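What follows is the content of run_31.cif (mmCIF, C-alpha atoms and all ligand atoms).
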```
data_entry
loop_
_atom_site.label_atom_id
_atom_site.label_comp_id
_atom_site.auth_asym_id
_atom_site.auth_seq_id
_atom_site.Cartn_x
_atom_site.Cartn_y
_atom_site.Cartn_z
CA MET A 1 0.01 -11.18 -18.27
CA ASN A 2 -3.18 -10.54 -16.28
CA GLN A 3 -1.83 -11.43 -12.86
CA PRO A 4 -2.65 -8.87 -10.17
CA LEU A 5 0.05 -6.38 -9.28
CA ILE A 6 0.64 -4.07 -6.34
CA VAL A 7 2.38 -0.90 -7.44
CA ILE A 8 4.21 0.43 -4.41
CA LEU A 9 4.92 4.06 -5.13
CA MET A 10 7.14 5.92 -2.68
CA GLY A 11 7.67 9.66 -2.58
CA SER A 12 11.39 9.30 -1.92
CA ARG A 13 13.90 6.51 -1.73
CA ALA A 14 14.14 7.47 1.96
CA ASP A 15 10.88 5.44 2.27
CA GLU A 16 12.39 2.28 0.80
CA ALA A 17 12.57 0.24 4.01
CA HIS A 18 8.88 0.88 4.73
CA ALA A 19 7.96 0.14 1.11
CA ARG A 20 9.86 -3.15 1.19
CA LYS A 21 7.75 -4.28 4.17
CA VAL A 22 4.69 -3.98 1.94
CA ALA A 23 6.46 -5.91 -0.82
CA ASP A 24 7.54 -8.67 1.58
CA ALA A 25 4.03 -9.08 3.00
CA ALA A 26 2.60 -9.12 -0.53
CA ALA A 27 5.04 -11.86 -1.52
CA GLY A 28 3.95 -13.85 1.54
CA LEU A 29 0.42 -13.75 0.14
CA GLY A 30 1.63 -14.81 -3.31
CA LEU A 31 1.19 -11.33 -4.77
CA ALA A 32 3.57 -9.63 -7.18
CA SER A 33 4.61 -6.07 -6.51
CA VAL A 34 6.84 -3.46 -8.02
CA LEU A 35 8.67 -0.61 -6.26
CA ARG A 36 8.62 2.83 -7.89
CA VAL A 37 9.76 6.30 -6.79
CA GLY A 38 7.95 9.49 -7.72
CA SER A 39 6.85 12.63 -5.91
CA ALA A 40 3.67 14.59 -6.53
CA HIS A 41 5.38 17.60 -5.01
CA LYS A 42 8.61 17.36 -6.95
CA THR A 43 8.05 15.22 -10.05
CA PRO A 44 4.31 15.24 -10.86
CA GLU A 45 4.87 14.45 -14.54
CA HIS A 46 7.04 11.48 -13.68
CA VAL A 47 4.30 10.18 -11.35
CA LEU A 48 1.71 10.52 -14.14
CA ALA A 49 4.04 8.68 -16.53
CA ILE A 50 4.40 5.85 -14.00
CA LEU A 51 0.61 5.62 -13.59
CA LYS A 52 0.16 5.48 -17.36
CA GLU A 53 2.31 2.34 -17.43
CA TYR A 54 -0.11 0.50 -15.15
CA GLU A 55 -3.50 2.02 -16.02
CA THR A 56 -3.79 0.01 -19.22
CA GLY A 57 -6.57 -2.27 -17.99
CA GLN A 58 -4.45 -5.28 -18.92
CA ARG A 59 -3.94 -6.48 -15.39
CA PRO A 60 -5.62 -5.64 -12.08
CA VAL A 61 -3.61 -3.10 -10.10
CA VAL A 62 -3.75 -1.74 -6.56
CA TYR A 63 -1.49 1.17 -5.68
CA VAL A 64 0.11 1.47 -2.26
CA THR A 65 1.43 4.98 -1.83
CA ILE A 66 4.20 5.60 0.67
CA ALA A 67 4.73 9.28 1.39
CA GLY A 68 5.95 10.90 4.58
CA ARG A 69 5.68 14.49 5.87
CA SER A 70 3.07 16.19 3.64
CA ASN A 71 1.34 13.39 1.74
CA ALA A 72 0.24 14.88 -1.58
CA LEU A 73 1.13 11.69 -3.43
CA SER A 74 -1.77 9.51 -2.28
CA GLY A 75 -4.48 12.01 -3.22
CA PHE A 76 -2.70 12.87 -6.46
CA VAL A 77 -2.50 9.20 -7.45
CA ASP A 78 -6.08 8.43 -6.42
CA GLY A 79 -7.33 11.43 -8.32
CA SER A 80 -5.52 10.22 -11.44
CA VAL A 81 -6.46 6.52 -11.60
CA SER A 82 -9.48 4.20 -11.59
CA SER A 83 -7.72 1.48 -9.58
CA PRO A 84 -7.82 1.45 -5.76
CA VAL A 85 -5.18 3.36 -3.80
CA ILE A 86 -4.03 2.55 -0.28
CA ALA A 87 -2.01 5.22 1.50
CA CYS A 88 0.54 3.72 3.87
CA PRO A 89 2.65 6.63 5.11
CA PRO A 90 5.88 5.78 6.93
CA PRO A 91 5.85 6.31 10.70
CA SER A 92 7.15 9.60 12.06
CA GLU A 93 7.39 10.88 15.61
CA THR A 94 8.49 14.34 14.50
CA PHE A 95 5.97 17.07 15.46
CA GLY A 96 4.01 14.60 17.56
CA GLY A 97 3.21 12.32 14.64
CA ALA A 98 1.13 15.08 13.01
CA ASP A 99 2.26 14.03 9.52
CA VAL A 100 -0.41 11.34 9.44
CA PHE A 101 -3.18 13.94 9.25
CA SER A 102 -2.09 14.83 5.73
CA SER A 103 -3.24 11.33 4.68
CA LEU A 104 -6.69 11.49 6.25
CA ARG A 105 -8.71 14.33 4.72
CA MET A 106 -9.22 14.47 0.96
CA PRO A 107 -11.22 16.66 -1.40
CA SER A 108 -14.52 15.31 -2.74
CA GLY A 109 -14.06 12.55 -5.28
CA VAL A 110 -10.65 11.52 -3.99
CA ALA A 111 -10.64 8.39 -1.84
CA PRO A 112 -7.39 6.64 -0.97
CA ALA A 113 -7.79 4.21 1.93
CA VAL A 114 -5.30 4.69 4.79
CA VAL A 115 -3.65 1.66 6.37
CA LEU A 116 -0.68 2.40 8.60
CA GLU A 117 0.86 -1.06 9.03
CA PRO A 118 2.66 -2.07 5.83
CA ALA A 119 1.74 -5.75 6.12
CA ASN A 120 -1.91 -4.76 6.57
CA ALA A 121 -1.76 -2.57 3.47
CA ALA A 122 -0.64 -5.65 1.52
CA LEU A 123 -3.47 -7.64 3.10
CA LEU A 124 -6.09 -5.08 2.05
CA ALA A 125 -4.69 -5.12 -1.49
CA ALA A 126 -4.93 -8.93 -1.48
CA LYS A 127 -8.54 -8.74 -0.30
CA ILE A 128 -9.40 -6.32 -3.09
CA PHE A 129 -7.92 -8.73 -5.65
CA ALA A 130 -9.70 -11.64 -3.94
CA LEU A 131 -13.09 -10.14 -4.87
CA ALA A 132 -12.46 -11.51 -8.37
CA ASP A 133 -9.90 -14.22 -7.63
CA PRO A 134 -10.93 -17.40 -5.77
CA ALA A 135 -7.30 -18.58 -5.45
CA MET A 136 -6.39 -15.33 -3.71
CA ARG A 137 -9.41 -15.76 -1.45
CA GLU A 138 -8.12 -19.19 -0.42
CA ARG A 139 -4.64 -17.82 0.32
CA ILE A 140 -6.17 -15.16 2.55
CA ALA A 141 -8.26 -17.80 4.35
CA ALA A 142 -5.10 -19.89 4.88
CA PHE A 143 -3.28 -16.83 6.25
CA LYS A 144 -6.16 -16.14 8.66
CA SER A 145 -6.22 -19.75 9.88
CA GLN A 146 -2.47 -19.70 10.40
CA GLN A 147 -2.65 -16.52 12.46
CA ALA A 148 -5.55 -17.89 14.54
CA ARG A 149 -3.61 -21.14 15.17
CA LYS A 150 -0.67 -19.10 16.47
CA ILE A 151 -2.87 -17.30 19.02
CA LEU A 152 -4.39 -20.58 20.23
CA GLN A 153 -0.91 -22.10 20.46
CA ASP A 154 0.43 -19.11 22.44
CA ASP A 155 -2.54 -19.29 24.81
CA GLY A 156 -2.01 -23.04 25.22
CA GLU A 157 1.70 -22.64 25.94
CA LEU A 158 1.10 -19.98 28.60
CA ASN A 159 -1.46 -22.17 30.31
CA ALA A 160 0.08 -25.63 29.94
N1 LIG N 201 5.07 13.28 0.83
C1 LIG N 201 5.99 13.33 -0.12
C2 LIG N 201 5.81 13.62 -1.48
C3 LIG N 201 4.48 13.85 -2.11
O1 LIG N 201 3.46 13.75 -1.41
O2 LIG N 201 4.48 14.11 -3.31
N2 LIG N 201 6.99 13.60 -2.08
C4 LIG N 201 7.90 13.28 -1.18
N3 LIG N 201 7.30 13.10 0.01
C5 LIG N 201 7.88 12.59 1.25
O3 LIG N 201 8.74 13.47 1.91
C6 LIG N 201 9.64 12.72 2.70
C7 LIG N 201 11.04 13.28 2.52
O4 LIG N 201 11.33 13.22 1.15
P1 LIG N 201 12.77 13.67 0.58
O5 LIG N 201 13.69 12.49 0.81
O6 LIG N 201 12.52 13.93 -0.88
O7 LIG N 201 13.16 14.91 1.35
C8 LIG N 201 9.53 11.26 2.24
O8 LIG N 201 8.88 10.50 3.24
C9 LIG N 201 8.69 11.37 0.99
O9 LIG N 201 7.82 10.26 0.79
#
```

As structure tokens, how would this structure be written, given the file I've shared?
Ligand SMILES: Nc1c(C(=O)O)ncn1[C@@H]1O[C@H](COP(=O)(O)O)[C@@H](O)[C@H]1O
Amino acid sequence: MNQPLIVILMGSRADEAHARKVADAAAGLGLASVLRVGSAHKTPEHVLAILKEYETGQRPVVYVTIAGRSNALSGFVDGSVSSPVIACPPPSETFGGADVFSSLRMPSGVAPAVVLEPANAALLAAKIFALADPAMRERIAAFKSQQARKILQDDGELNA
């Protein structure tokens, strides 16, 4: 099985609704995903065991890490794997939305991307896979055309 896979790793099941938005958008782009729960703060060994399952080189993997409050998970995962990591922290208005800053600055040699909209995180993962997958590239092109058509249609309807 060498089909690409998005591993959606959430820090707590409290993040499940946000994580499922990534999974739904991935499915819309024809991409398989799996939902896992593990916390760098609370269960670092469990997170490493999860990563070991996917870092076999047998199939291309992109990780989407979903961690609210203090996001240790994304840096921890990125520091532990060779595959790309996209941090997609859940939204929070508590403390003026300051949680997001914990996703932005990383030590040297640790480089998770940050994409806040879950559907866009799935899209970036799809684009990464598309670098080596012409069929994925076509699905992304179809998605882009569809979204452009919708804008032209909306503009036409408002000005009919
Ligand atoms: N940011 C992290 C990490 C981590 O970075 O390891 N582990 C849990 N969390 C986040 O804390 C919030 C509350 O988690 P709890 O439900 O465990 O209190 C969640 O959004 C989770 O992703």

Q | Straight-line distance linking CA of Ala121 in chain A with CA of Ala49 in chain A, stated in Å to one decimal | A |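 Value for the CA of Ala121 in chain A-CA of Ala49 in chain A distance: 23.7 Å.
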
Q | Close residues to ligand LIG 201 (chain N) using all atoms listed in the file, limit 7 Å, as a list in words | A | Met10, Gly11, Ser12, Arg13, Ala14, Asp15, Ser39, Ala40, His41, Lys42, Ile66, Ala67, Gly68, Arg69, Ser70, Asn71, Ala72, Leu73, Ser74 and Pro90 of chain A

Q. What is the CA of Ala26 in chain A to CA of Ala122 in chain A distance in Å?
A.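 Taking CA of Ala26 in chain A and CA of Ala122 in chain A, their separation equals 5.2 Å.
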
Q. Using only C-alpha atoms, which of the listed residues (A:Arg139, A:Leu51, A:Ile8, A:Ser33) sits closest to Ile86 in chain A?
A. A:Ile8

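Minimum atom-to-atom distance to Thr56 in chain A, evaluated using only C-alpha atoms, belongs to A:Val81 out of A:Ala19, A:Met136, A:Val81, A:Ala27.
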
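Between Leu48 in chain A and the residues A:Ala25, A:Leu9, A:Leu104, A:Val34, the shortest atom-to-atom distance, using all atoms listed in the file, involves A:Leu9.
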
Q. Which is closest to Ala87 in chain A among A:Val62, A:Val115, A:Leu29, A:Ala135, if we use all atoms listed in the file?
A. A:Val115

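Across the model, the gap from CA of Arg59 in chain A to CA of Glu16 in chain A is 24.6 Å.
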
Mind giving me the axis-aligned box for range 55-71 of chain A with 8 Å on every side, centre plus edges in Å to one decimal, as AutoDock Vina command-line options?
```
--center_x -0.3 --center_y 4.9 --center_z -6.7 --size_x 28.5 --size_y 38.7 --size_z 41.1
```

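Using all atoms listed in the file, the nearest neighbour of Pro4 in chain A within the list A:Ser102, A:Ser80, A:Asn159, A:Gln58 is A:Gln58.
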